[in-house]
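Below is one structure; the comments refer to it alone.
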Amino acid sequence: MIYARFAAAVDELKNYGGLPSPQESRLIWDDIWHLEAHNSTAIEGNTLVLREVRTLLEENRPVGGKDLKDYMEVLGYAEAARWVYSQARAANSTPPDRKSSGKLISITEIRNVHRLTMQRVWEIAPHPDAFPDEQPGAFRRHDIRPFSGGMVPPSWVDVSPQLTTWVDTVNKSGSAISMEKLAPSDIPIALAEMHFSFERIHPFIDGNGRTGRLVLNLILVRLGFPPAIIFKSSRNRYLTALDKADKGDLGPLAELLARSVIDNLNRLIVPNIAGPARLVLLKSLATPELNYEALRQAAARGRLEVSYSSDGTLRSSKLAVDAYRDSKYSRQRDEAE
């Protein structure tokens with residue numbers, strides 16, 4: 001069922017012009033940015049709550065009295081995520097040669113993602129066992145002990161050749177997806193294979209989980225999909241899914257990733273493709289002129305037509321917001337006269 005929903009979302013995305021750029025849907029992309037920076041670092045033990053992450057990223061000031069290391073982890077991850085999201089514009093204007101070749105990612109880009117993610121925190125809290133040549137962006141020169149679920153990363157001498165093979169495989173899969181040789185319902189399994197295989201290689205001495213999720217999101221936005229967010233509350237499911245993937249069952253990880261992509265498709269795409277009368281999340285209708293708080297207050301005063309969805313979120317339509325905007329300006333003109 002979830003694969004069928006994913007396939008339907010892919011079809012809807014293609015029919016309505018593809019992924020909007022961060023500039024076209026800035027508020028929604030910012031919301032995803034906050035959620036991803038919080039949850040992906042929290043999975044690894046970061047203690048900042050979402051409110052603290054938002055303040056740190058939007059106002060560039062730490063709140064909460066947490067360890068400096070925690071703030072640096074979030075800032076580094078957020079910087080890397082911003083770069084990943086910037087590729088969404090390129091996804092909508094990919095030249096034909098790249099579409100046909102399916103070159104989604106390179107080893108240089110993987111190393112850059114790791115460097116951006118880890119550099120800030122490394123400056124104050126480097127890995128205690130790291131060699132001088134294991135800085136952010138450099139492959140590990142240590143062997144990694146088997147994980148609790150049984151997954152065994154390769155010896156460090158095999159990291160470079162295995163990652164080269166991984167990049168080649170991902171680019172071939174990307175070509176199959178871009179050229180529509182892979183059915184939409186099969187894409188979640190392909191994504192799960194990409195992500196699990198990267199995590200098994202574990203190319204760096206530290207930060208592999210964060211880097212792996214960002215690399216997956218780089219692949220997603222270049223395919224024209226929104227990034228996936230693994231929530232902190234799903235941490236145990238996520239780790240269990242990785243262990244099952246190691247044992248040959250990609251289903252749980254594919255389902256987890258598919259649900260995340262569908263959720264962000266609904267955040268990003270539906271507001272941009274909806275007809276003027278279609279009900280969408282109120283937050284998705286916010287603009288620099290009328291921000292979400294202004295719309296929410298207008299709804300509370302009964303001046304903006306809204307409804308509540310089954311999960312309690314406010315919904316409205318572009319038509320209703322346009323009507324409120326027109327009435328607001330009419331009142332302002334009347335008061336001025």
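Identifiers for the structure tokens are assigned positionally: chains receive A, B, ... in sequence, residues are indexed from 1 per chain, and ligands are indexed from 1 in the order shown.
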
Using only C-alpha atoms, what table do you get, as a tab-separated table, when you list each residue of region 98-193 of chain A with an atom no more than 12 Å from region 32-47 of chain A, its nearest pair of atoms, and their distance in Å rounded to one decimal, rows by chain then rising number?
```
residue	atom	partner	partner_atom	distance
A:Thr117	CA	A:Thr41	CA	10.3
A:Met118	CA	A:Thr41	CA	11.4
A:Val121	CA	A:Asn46	CA	11.8
```

Q) What's the 9 Å shell around region 123-125 of chain A, counting only C-alpha atoms, without same-chain residues fewer than 3 positions away, as number ranges by chain? A) A: 68-69, 72, 118-120, 128

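Distances to Ser175 (chain A) were evaluated for A:Ile105, A:Ile28, A:Ile230, A:Val113 using only C-alpha atoms, and the minimum falls at A:Ile105.
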
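Taking CA of Arg111 (chain A) and CA of Gly137 (chain A) as endpoints, the distance between them is 4.4 Å.
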
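The residue set within 8 Å of Glu193 (chain A), counting only C-alpha atoms and dropping same-chain residues fewer than 4 places from it, reads Ile189, Ser197, Ala245 and Leu250 of chain A.
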
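With distances restricted to only C-alpha atoms, A:Leu50 is the closest residue to Phe231 (chain A) from A:Ala81, A:Ser316, A:Leu50, A:Ser25.
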